[in-house]
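Novice: One structure is given below, represented as structure tokens, and several questions about it will come after.
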Amino acid sequence: MPYRKSSVVLLLLLVATALGWRDAGASAYALPELPAAALYGNLLIDRTATAHGVKPVSFSHWTHRTRFTCRVCHTELEFDMAVGVTEVSCDDIKEGRYCGACHDGKLAFGQQENCVYCHNGDLGFRSEEFAAFSQDLPPDEFGNQIDWSEMMRRGQVQPQTYLREPAPEPTFDKSLKLEAAWGRIPPAVFPHKEHSQWVDCDTCHPDLFNIKQKTTEHFSMSRILKGEFCGYCHMKVAFPMNACERCHPGMSR
Amino acid sequence: MMRGLLILFCLLLSSSVLFAAGGVKKKRPRAYDYGQVVINNFSTSSGLSPVTFDHWTHRSKYTCRVCHVDLAFDMRANSTEITAADNMQGYYCGSCHNGKSLYQGQVIFAACDPAKKKTDNARCERCHLPAKDPARKSAFYAFTKNLPSDRFGNKVNWEQAEIDGLIQPIDYLEGISVKNPELPVQKDFALNAKVDGMPDIIFSHRKHTDWNGCETCHPDIFVGVKKGSTKYSMIEIFDNKYCGVCHGSVAFPLQGCQRCHTEKVQ
């Protein structure tokens with residue numbers, strides 16, 4: 001039986017692969033540690049700053065998202081969703097593109113007078129203002145510890161939905177029930193409406209989720225926790241995944 | 001036994017690759033790069049940089065069908081296999097880029113001139129771009145500054161620009177184009193969305209024929225003109241088929257859902 005030895009090796013390989021997957025699954029379900037509320041959604045952008053002898057740009061989502069919905073920057077102003085990918089240059093800003101669409105010295109502080117307002121290399125820039133800022137906003141347990149959706153529901157703050165180019169409001173408002181892969185986990189409910197008050201269809205479709213539910217059936221929590229699919233926003237800016245029951249309403253912690 | 005195990009193992013490995021689609025956002029081309037095509041059938045092997053072709057400079061001057069029907073350019077980059085000899089004989093790019101033809105009274109520079117001198121390098125580099133040229137970006141923003149804006153793609157509403165008379169694309173090349181008798185244009189009609197709650201698509205032949213005539217789409221992309229004769233899905237369109245042949249690379253991209261899913265006639 002000349003095959004026997006290699007068959008055993010193959011079988012061992014199969015078992016090892018299966019075990020490897022199981023382990024990868026187990027470790028991936030450990031939720032990542034969250035930064036302090038004032039730092040959640042903060043970024044340091046250093047595409048070419050350091051190379052040009054200036055400090056990286058600090059950007060905080062919380063200072064922006066009470067004024068503008070996600071779609072203003074991520075659709076209308078063409079900001080990518082990954083840090084340091086968008087080729088923002090000084091000239092672009094001067095000519096009113098990217099940050100320069102608002103930061104022109106009139107609508108918001110300009111580029112000329114306040115370099116260190118952005119180029120400060122400090123991830124916690126303006127953190128000391130956070131407590132006063134969040135005081136009257138609906139509280140939440142994780143992330144910025146601000147319930148941004150509740151803020152929208154209450155109409156407490158109404159972020160602008162566009163700057164120059166009005167976007168037609170997405171009319172598709174169906175909620176989807178997404179069955180969990182594990183029998184014991186109750187299904188996740190995805191509300192289109194809650195999302196489309198912040199983002200346009202193109203933020204998620206077709207790159208993150210193809211439009212058909214069945215074409216994204218394979219997306220798993222372990223991949224979401226790696227920052228794919230829902231994790232694109234719900235690990236970095238939107239409420240983090242520690243709040244299981246917000247997506248899986250039947251779940252108790 | 002051995003073969004079965006091997007197949008099973010390969011299947012297990014490949015399944016993780018197969019399922020890797022989706023979940024990650026692709027980087028979108030910038031407004032000035034949208035519709036840019038890099039052509040490199042023979043350039044590099046001839047010691048030249050690939051050709052960088054910008055649709056926006058051309059579509060502001062000519063309709064789609066002039067190049068894609070009359071000049072026989074395929075709709076996919078690198079499938080036309082244009083040679084310098086073709087251009088010199090007045091085919092493809094050489095139909096206009098011959099150093100003689102005029103656009104608004106200006107001579108159009110020649111592509112691949114047989115009488116090329118060393119001093120002509122700058123002219124060659126207008127198409128055979130040696131490196132990314134920041135001047136192209138500024139030229140784009142200068143040109144599009146006063147054109148009606150749009151949300152995606154070039155961020156220019158080309159259709160509106162034409163309606164407003166800001167651009168007047170030429171649809172006929174003397175000595176090349178053939179004047180066909182015009183066919184009556186079908187009225188706008190609705191294509192029913194398959195998902196409940198999704199607004200229907202209002203398709204306008206009129207808007208399309210202005211730029212494309214009939215031949216750009218029929219019969220290759222859509223077999224018949226009759227509604228329902230070609231079956232396709234949004235998934236296939238996202239995969240650059242059907243509407244996606246143009247509306248993913250040159251015409252306004254598919255991200256602008258509400259541009260087609262309008263329900264009411266625009």
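Starting from 1 in every chain, residues are counted up; chains themselves are A, B, ... following the order of the structure tokens, and ligands are numbered from 1 as listed.
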Please tabulate, as JSON lines, the residues of chain A that come within 8 Å of chain B, each with its closest pair of atoms and the distance in Å to one decimal, counting only C-alpha atoms and ordering rows by chain, then residue number upward.

Specialist:
{"residue": "A:Tyr3", "atom": "CA", "partner": "B:Met2", "partner_atom": "CA", "distance": 6.9}
{"residue": "A:Ser7", "atom": "CA", "partner": "B:Met2", "partner_atom": "CA", "distance": 6.0}
{"residue": "A:Leu10", "atom": "CA", "partner": "B:Leu5", "partner_atom": "CA", "distance": 7.1}
{"residue": "A:Leu11", "atom": "CA", "partner": "B:Leu5", "partner_atom": "CA", "distance": 7.7}
{"residue": "A:Leu14", "atom": "CA", "partner": "B:Phe9", "partner_atom": "CA", "distance": 6.7}
{"residue": "A:Thr75", "atom": "CA", "partner": "B:Arg151", "partner_atom": "CA", "distance": 7.8}
{"residue": "A:Glu76", "atom": "CA", "partner": "B:Arg151", "partner_atom": "CA", "distance": 6.4}
{"residue": "A:Glu78", "atom": "CA", "partner": "B:Arg30", "partner_atom": "CA", "distance": 7.7}
{"residue": "A:Asp80", "atom": "CA", "partner": "B:Lys27", "partner_atom": "CA", "distance": 7.1}
{"residue": "A:Met81", "atom": "CA", "partner": "B:Lys25", "partner_atom": "CA", "distance": 7.8}
{"residue": "A:Glu165", "atom": "CA", "partner": "B:Arg151", "partner_atom": "CA", "distance": 6.8}
{"residue": "A:Ala167", "atom": "CA", "partner": "B:Arg151", "partner_atom": "CA", "distance": 7.8}
{"residue": "A:Pro168", "atom": "CA", "partner": "B:Gln258", "partner_atom": "CA", "distance": 6.8}
{"residue": "A:Pro170", "atom": "CA", "partner": "B:Gln258", "partner_atom": "CA", "distance": 7.5}
{"residue": "A:Thr171", "atom": "CA", "partner": "B:Met198", "partner_atom": "CA", "distance": 7.5}
{"residue": "A:Phe172", "atom": "CA", "partner": "B:Met198", "partner_atom": "CA", "distance": 5.7}
{"residue": "A:Asp173", "atom": "CA", "partner": "B:Gly197", "partner_atom": "CA", "distance": 7.6}
{"residue": "A:Lys174", "atom": "CA", "partner": "B:Gly197", "partner_atom": "CA", "distance": 7.4}
{"residue": "A:Cys201", "atom": "CA", "partner": "B:Cys257", "partner_atom": "CA", "distance": 7.1}
{"residue": "A:Asp202", "atom": "CA", "partner": "B:Gln255", "partner_atom": "CA", "distance": 4.9}
{"residue": "A:His205", "atom": "CA", "partner": "B:Gln255", "partner_atom": "CA", "distance": 7.5}
{"residue": "A:Pro206", "atom": "CA", "partner": "B:Phe238", "partner_atom": "CA", "distance": 7.3}
{"residue": "A:Asp207", "atom": "CA", "partner": "B:Lys25", "partner_atom": "CA", "distance": 5.0}
{"residue": "A:Leu208", "atom": "CA", "partner": "B:Gly23", "partner_atom": "CA", "distance": 4.1}
{"residue": "A:Phe209", "atom": "CA", "partner": "B:Gly22", "partner_atom": "CA", "distance": 6.1}
{"residue": "A:Asn210", "atom": "CA", "partner": "B:Gly22", "partner_atom": "CA", "distance": 7.0}
{"residue": "A:Ile211", "atom": "CA", "partner": "B:Ile235", "partner_atom": "CA", "distance": 7.4}
{"residue": "A:Lys212", "atom": "CA", "partner": "B:Ile235", "partner_atom": "CA", "distance": 7.9}
{"residue": "A:Thr216", "atom": "CA", "partner": "B:Gly22", "partner_atom": "CA", "distance": 7.4}
{"residue": "A:His218", "atom": "CA", "partner": "B:Phe19", "partner_atom": "CA", "distance": 6.9}
{"residue": "A:Phe219", "atom": "CA", "partner": "B:Gly23", "partner_atom": "CA", "distance": 7.6}
{"residue": "A:Glu228", "atom": "CA", "partner": "B:Gly23", "partner_atom": "CA", "distance": 4.8}
{"residue": "A:Phe229", "atom": "CA", "partner": "B:Gly23", "partner_atom": "CA", "distance": 4.1}
{"residue": "A:Cys230", "atom": "CA", "partner": "B:Gly23", "partner_atom": "CA", "distance": 8.0}
{"residue": "A:Tyr232", "atom": "CA", "partner": "B:Val24", "partner_atom": "CA", "distance": 7.8}

Novice: I need the residues in region 14-222 of chain B that are strand (DSSP E or B) according to DSSP; give them as a PyMOL selection string.

Specialist: chain B and resi 36-39+51-54+62+102-103+106-107+149+156+170+189-191+201-203

Novice: Would you mind listing what lies within 8 Å of Arg67 (chain A) as a PyMOL selection string, with only C-alpha atoms counted and same-chain residues fewer than 6 positions away left out?

Specialist: chain A and resi 157-160

Novice: Rounded to one decimal place, report the CA of Ala36 (chain A)-CA of Cys247 (chain A) distance in Å.

Specialist: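 According to the coordinates, CA of Ala36 (chain A) and CA of Cys247 (chain A) are separated by 22.5 Å.
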
Novice: Quick one: of A:Ala132, A:Ala30, A:Ile45, A:Ala243, who's nearest to Val85 (chain A), counting only C-alpha atoms?

Specialist: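 Answer, going by the shortest atom-to-atom distance: A:Ile45.
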
Novice: Per DSSP on the backbone, filter region 3-230 of chain A down to the residues in helix (DSSP H, G or I) and report them as a ChimeraX atom specification.

Specialist: /A:4-28,37-39,50-52,61-65,70-76,90-94,98-101,115-118,127-134,148-154,192-196,201-204,213-216,221-225

Novice: Tell me, in Å to one decimal, how far CA of Arg47 (chain A) is from CA of Gly84 (chain A).

Specialist: 5.0 Å

Novice: So how many Å separate CA of Glu245 (chain A) and CA of His61 (chain A), to one decimal?

Specialist: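 If I compute the distance from CA of Glu245 (chain A) to CA of His61 (chain A), I get 24.0 Å.
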